[in-house]
Amino acid sequence: MAVREGQGGVDPGGYADAGAYAGRYAGGPVGGYAGGHGSAHGSAHGSAHGSAHEGGCACGDCPHGAREGHRRAVAAFLRRRDEFAAGQGLPAAVAHSASASRQWVSEELAQSAERVAERGRAEGRAWLTGLWRRTAGVVWAAVVLLLLGQCLTAVGAGWTAARTAGLAAALAVAGAVTAASWFHRSKGGALAPVIGDDNRLSTSRTVAAAWVLFVAYSVLVLAGRLAAASRHRERDALISGLELARGAGVVTVLAVVCGIAVLVRRVVGLRVLGQRLQKVRADRPRAADLLTDDSGRGTFADIQYVVISGVALVFAAVRLARRPDQLPDLPWGLAVVVLVSAATYLAGKYAEGGRPVILSVVRAREAGDLDGPIRTGDDIEIRGAGFVPPGAQRADRLARMVVRVGAVHVHVPLVPVPGGFSNPADTLLTVPVPADVEPGRVDVQVVTAAGVETNRYAVDVTE
């Protein structure tokens with residue numbers, strides 16, 4: 001989900017289309033879903049299932065219903081948040097106390113955000129369930145385009161055995177990918193192997209999978225040519241086309257990108273376990289994951305790796321089309337460029353992230369307050385970095401942040417402002433010092449939404 005900056009903080013919903021449909025469902029209650037998917041949806045499911053599918057259903061065979069339910073929940077949450085930001089909707093019992101009203105608003109928003117998160121997870125599951133058909137459709141569309149391209153290039157030149165071998169290899173690869181999609185139909189179809197543990201598309205796995213499929217296709221083309229060859233000299237020439245001297249560049253690139261895919265997974269896993277990298281699971285994978293980080297911002301390491309690998313693949317495909325009797329002889333200059341790109345991508349994975357840190361803790365002071373020490377009941381400002389992990393800008397994840405003040409766990413309150421939240425932020429948290437904290441020197445520690453703990457910072461609390 002995209003991240004949108006608001007006034008005073010990050011948009012907790014992180015919904016790119018929120019502004020477009022928030023007004024559309026302005027009359028609906030929080031968590032309530034009125035209406036259906038239209039006559040086409042009703043006729044597809046039948047009148048017996050009409051009541052079950054009215055509004056935002058989340059069944060596995062109805063991704064449109066799950067998406068609609070999620071959007072309505074988002075619209076209701078954003079409307080609720082903006083009402084609280086404007087000072088509306090507070091009960092009279094808490095309106096007289098700033099701390100009580102802040103706590104009540106925070107709890108209400110946290111519960112509403114959790115309902116939105118549940119709808120988001122339901123939409124993600126429904127989307128993954130229907131993805132295998134779309135991936136299979138894309139694969140067979142590519143086969144049709146290959147056939148059309150071969151027919152156009154055969155005009156005048158005639159149909160050759162190489163074209164037959166290329167089409168047969170494409171059918172074999174497409175059949176294998178379709179079968180894999182069906183067996184993994186509940187986990188994303190053909191994309192299941194390239195979806196990471198955080199439910200995002202992995203750049204390293206996608207690049208490696210593209211090279212694996214291309215090399216497999218190239219070998220199948222040679223196998224088809226060899227099966228159709230009738231002369232001994234032609235068969236020897238095809239076998240010699242598989243020699244390492246001719247395909248050393250492609251083989252080297254294949255080995256490196258596959259090694260990078262395995263190594264990156266190991267590096268990320270160790271950094272997460274060592275609390276040097278914060279990872280938050282996404283609701284569903286998106287194509288933009290190949291070029292962006294977990295928060296949706298484009299990253300140079302990922303973009304250059306995808307672009308250079310894609311250019312090299314196009315060049316290798318052209319070489320295969322021109323010389324279908326051998327492995328594509330990728331020039332060493334281009335192969336080295338791909339290797340440098342892979343090394344840059346790996347270095348970027350080592351450099352990203354970092355453990356959250358507390359730099360200072362001070363007593364929060366409003367205009368007109370007297371200066372003084374930290375006492376129980378006062379608000380404290382925790383200043384540092386890395387409190388909000390990438391991808392954790394949504395309200396349900398912000399509500400999971402906890403501050404340990406001595407032995408007491410304090411949930412960070414959500415403070416809404418128009419367009420977002422002013423608290424918590426990535427570099428600043430404001431929490432009250434609970435009355436259960438014993439006076440004296442106590443440690444303050446932040447636990448982020450990813451479960452990573454910061455350093456301990458000692459402060460003095462007086463009576």
# chains A, B, ... in the order shown; residues from 1 in each chain; ligands from 1
>>> closest_atom_pairs(of="region 243-303 of chain A", to="region 436-448 of chain A", cutoff="12 Å", atoms="only C-alpha atoms", output="CSV")
residue,atom,partner,partner_atom,distance
A:Gln275,CA,A:Thr448,CA,10.9
A:Leu277,CA,A:Thr448,CA,11.6
A:Gln278,CA,A:Thr448,CA,8.8
A:Lys279,CA,A:Thr448,CA,10.6
A:Val280,CA,A:Thr448,CA,10.4
>>> atom_distance(atom1="CA of Ser240 (chain A)", atom2="CA of Arg322 (chain A)")
16.8 Å
>>> residues_around(residues="region 171-185 of chain A", least_positions_apart="2", cutoff="10 Å", atoms="only C-alpha atoms", output="PyMOL selection string")
chain A and resi 128-144+165-169+187-193+213-214+216-217+220
>>> select_by_dssp(residues="region 183-384 of chain A", states="strand (DSSP E)", output="number ranges by chain")
A: 357-363, 374-375, 379-384
>>> closest_atom_pairs(of="region 233-331 of chain A", to="region 347-351 of chain A", cutoff="9 Å", atoms="only C-alpha atoms", output="JSON lines")
{"residue": "A:Val264", "atom": "CA", "partner": "A:Lys349", "partner_atom": "CA", "distance": 7.1}
{"residue": "A:Val267", "atom": "CA", "partner": "A:Tyr350", "partner_atom": "CA", "distance": 7.4}
{"residue": "A:Val268", "atom": "CA", "partner": "A:Lys349", "partner_atom": "CA", "distance": 7.5}
{"residue": "A:Arg271", "atom": "CA", "partner": "A:Tyr350", "partner_atom": "CA", "distance": 8.7}
{"residue": "A:Phe300", "atom": "CA", "partner": "A:Gly348", "partner_atom": "CA", "distance": 8.6}
{"residue": "A:Ala301", "atom": "CA", "partner": "A:Gly348", "partner_atom": "CA", "distance": 5.8}
{"residue": "A:Asp302", "atom": "CA", "partner": "A:Gly348", "partner_atom": "CA", "distance": 8.3}
>>> atom_distance(atom1="CA of Thr430 (chain A)", atom2="CA of Arg115 (chain A)")
25.0 Å
>>> residues_around(residues="Gly372 (chain A)", least_positions_apart="4", cutoff="12 Å", atoms="only C-alpha atoms", output="list in words")
Val362, Arg363, Ala364, Arg365, Asp378, Asp460, Val461, Thr462 and Glu463 of chain A
>>> residues_around(residues="Pro356 (chain A)", least_positions_apart="4", cutoff="6 Å", atoms="only C-alpha atoms", output="list in words")
Ala385, Gly386, Phe387 and Thr454 of chain A
>>> atom_distance(atom1="CA of Ala425 (chain A)", atom2="CA of Asn455 (chain A)")
17.5 Å
>>> closest_residue(among="A:Leu254, A:Thr292, A:Gly224, A:Ala367", to="Val212 (chain A)", atoms="only C-alpha atoms")
A:Leu254
>>> closest_residue(among="A:Arg323, A:Val215, A:Ala223, A:Gly274", to="Ala255 (chain A)", atoms="only C-alpha atoms")
A:Val215
>>> closest_residue(among="A:Val253, A:Leu428, A:Val306, A:Val221", to="Leu334 (chain A)", atoms="only C-alpha atoms")
A:Val253
>>> residues_around(residues="Ser99 (chain A)", least_positions_apart="6", cutoff="12 Å", atoms="only C-alpha atoms", output="ChimeraX atom specification")
/A:105-106,377-379,413-415,430-434
>>> write_last_selection(atoms="C-alpha atoms", output="PDB file, in the first residue's frame")
ATOM      1  CA  VAL A 105      -9.597   8.338  20.748  1.00  0.00           C
ATOM      2  CA  SER A 106      -6.510   6.168  20.449  1.00  0.00           C
ATOM      3  CA  GLY A 377       1.498  11.530  34.920  1.00  0.00           C
ATOM      4  CA  ASP A 378       3.680  13.778  32.764  1.00  0.00           C
ATOM      5  CA  ASP A 379       4.150  13.236  29.052  1.00  0.00           C
ATOM      6  CA  PRO A 413      -1.345   6.666  21.787  1.00  0.00           C
ATOM      7  CA  LEU A 414      -2.534   7.519  18.287  1.00  0.00           C
ATOM      8  CA  VAL A 415      -3.005  11.277  17.998  1.00  0.00           C
ATOM      9  CA  THR A 430       5.050  11.002  23.065  1.00  0.00           C
ATOM     10  CA  VAL A 431       3.739   8.811  25.876  1.00  0.00           C
ATOM     11  CA  PRO A 432       2.515   9.450  29.429  1.00  0.00           C
ATOM     12  CA  VAL A 433       4.466   8.258  32.431  1.00  0.00           C
ATOM     13  CA  PRO A 434       1.993   5.928  34.211  1.00  0.00           C
TER      14      PRO A 434
END
